[in-house]
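Before any comments, here is the structure.
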Amino acid sequence: MLELTICLTPGAEKPMYQQLYDSLTEQIRNGTLKKGDRLPGKRSLAEQLAVAVNTVDAAYQMLAAEGYLEARAKSGFFVLEYPGVLAVESGREREEVHEAPCPAPRFDLSTGSVDTALFPFRTWGRIQKELLYNGSDLLCHGHRQGDRELRRELAAYLRAYRGVVCGPEQIVVGAGVEYLLGLLARLLRGRTAAVENPGYDRPRTILENNGVPCRCVGIDGGGLDPGELEESGADLCYVTPSHHFPTGVTMPAGRRAQLLRWAAAKEGRYILEDDYDAEFRFDMRPLPSLQGMGGEDGRVVYLCTFSKSLAPSIRIACMVLPWELLSEYRQAFGSYSNTVSRFEQQTLRLFLEGGYFTRHLARMRSAYKNRMERLAAALEAAFGRGSIQLSGRHTGLHLLLTLPNGPGEEEMIRSAEQEGVRIKGLSAYYMERKELCQKNSVILGYASLEDGEIEALAGALRRAWTV
């Protein structure tokens, strides 16, 4: 009779049958129990361990179901072959990676934040509550491009406020611009993309990770340089014409027309227009989109997100595809399920339909404009008018600050950090030719600043940057 060495602990967190199962599994894996070994009978082992027969039976049945044991009629349970698992040799010792906690700064001027206090909690929550009570059909699959009702509302909103020319059929809803851009990249493989320099590095990373090589094209006072674009040999062009990040430049109509001519001059060319924060223009109505100039039959893919206008964690974005690209998209990705919860989709649909979104945007514009003006005034008072240059006051949620007689970008960042201010330099957004970067320039993202912090922030920067 096979003798087993098993120790069970009554009253432990794991039930007794689980403890027995774990012990037997370990002995089979380490070779203590070998192929063909016959385990003790259930009653015999139950008496040995002072447990119920059902406890032993439950453990044996689990082991048999998972292929560790074989039950033979009138003979009992026998161990099956377990070959073991070969360890993969990496050729180097494993290094433990410790993520050191990053202390929160006193003032965080990063550009990815929003003022969460401005989120329409009551209205958004009420709509979601009603949908949860009455929207059982939302538990089922919806349209793969996004719920039709939402796409109708998005088309109407984009037409009225962004001048986008499209029908609901051309809209694809997805969980963030990054996800949608990844789909586009796979759809447009075989082409080369031009990206803005300086600019977001993330779009370039997404495009290249999905098989679209990128070339950097310079920015001037009118946005992306059409001459450099032509020389780049690119077939795609990723741009932020309404509010270039991070310089804040708005592309004028003439330059936009040049881009559209570039796209139309050769088959297979497309412009990818990222309209990431155009809702926040403070000096006038937001400028119409580049897509609207080209029309629904143009060569512009329009991308927008609700991350800035609602919240980054509400992963809703959309893209508008030209008709010729839409058919290719449906052929390649038409079987993909939509990545946004239908409850979130329908909440946004009702938020748009009821006029809540336009009122919410008006409230946000007012709050952010007031904050920007207070910040600009506080900085000019702290440093003296003419001692600093502030760009980008007309739109967006960040300012570009230049200190003409500053100690250099690296020193500005370091000394600001010593005063508890997290800040990023302009050169961080140059993917190539950093020598062209405007000296002594940093980016001030003010969206998450509290109004009561502004004067203290200006004072902290004054202490950091005054010799």
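In the structure tokens, the first chain shown is A, the next is B, and so on; residue numbers restart at 1 for each chain, and ligands run from 1 in the order shown.
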
*Identify, on the basis of only C-alpha atoms, every residue whose closest approach to Ala59 of chain A does not exceed 7 Å; exclude the query and any residue fewer than 2 positions from it along the same chain; express the result as a PyMOL selection string.*
chain A and resi 17-18+20-21+55-57+61-63

Would you write out those residues with N, CA, C and O atoms, as a short mmCIF file (atom, residue, chain, number, x, y, z; two decimals), in the first residue's frame?
data_model
loop_
_atom_site.label_atom_id
_atom_site.label_comp_id
_atom_site.auth_asym_id
_atom_site.auth_seq_id
_atom_site.Cartn_x
_atom_site.Cartn_y
_atom_site.Cartn_z
N TYR A 17 -10.63 19.61 1.54
CA TYR A 17 -10.47 18.93 0.25
C TYR A 17 -9.49 19.68 -0.64
O TYR A 17 -8.73 19.06 -1.40
N GLN A 18 -9.48 21.03 -0.53
CA GLN A 18 -8.55 21.83 -1.33
C GLN A 18 -7.12 21.62 -0.86
O GLN A 18 -6.18 21.53 -1.67
N LEU A 20 -5.96 18.88 0.55
CA LEU A 20 -5.57 17.55 0.09
C LEU A 20 -5.25 17.57 -1.40
O LEU A 20 -4.25 16.98 -1.85
N TYR A 21 -6.06 18.24 -2.17
CA TYR A 21 -5.82 18.37 -3.61
C TYR A 21 -4.46 19.03 -3.86
O TYR A 21 -3.67 18.55 -4.68
N THR A 55 -14.53 14.31 1.68
CA THR A 55 -13.38 15.21 1.50
C THR A 55 -12.35 14.58 0.56
O THR A 55 -11.86 15.22 -0.38
N VAL A 56 -12.04 13.29 0.81
CA VAL A 56 -11.08 12.60 -0.06
C VAL A 56 -11.65 12.43 -1.46
O VAL A 56 -10.95 12.63 -2.46
N ASP A 57 -12.92 12.08 -1.55
CA ASP A 57 -13.55 11.88 -2.85
C ASP A 57 -13.52 13.16 -3.69
O ASP A 57 -13.25 13.12 -4.89
N GLN A 61 -11.66 13.38 -7.25
CA GLN A 61 -12.44 13.70 -8.45
C GLN A 61 -11.85 14.91 -9.18
O GLN A 61 -11.82 14.96 -10.42
N MET A 62 -11.39 15.94 -8.42
CA MET A 62 -10.76 17.11 -9.05
C MET A 62 -9.49 16.71 -9.78
O MET A 62 -9.23 17.15 -10.91
N LEU A 63 -8.67 15.85 -9.16
CA LEU A 63 -7.41 15.43 -9.78
C LEU A 63 -7.68 14.59 -11.03
O LEU A 63 -6.95 14.71 -12.03
#

_DSSP strand (DSSP E or B) selection over segment 156-303 of chain A, as a ChimeraX atom specification_ = /A:171-174,193-197,214-220,223-224,236-239,270-274,281,300-303

*Contacts of segment 175-187 of chain A within 6 Å, only C-alpha atoms, excl. fewer than 5 positions in-chain, as a VMD selection string*: chain A and resid 207 210 315 to 317 339 to 340

*Any idea what the distance is between atom CA of Leu390 of chain A and atom CA of Val421 of chain A?*
17.8 Å

_DSSP-assigned alpha helix (DSSP H) members of segment 70-274 of chain A, reported as number ranges by chain_ = A: 121-134, 148-162, 177-187, 202-209, 226-232, 253-264

_One-decimal distance in Å that lies between atom CA of Leu352 of chain A and atom CA of Asp283 of chain A_ = 24.0 Å
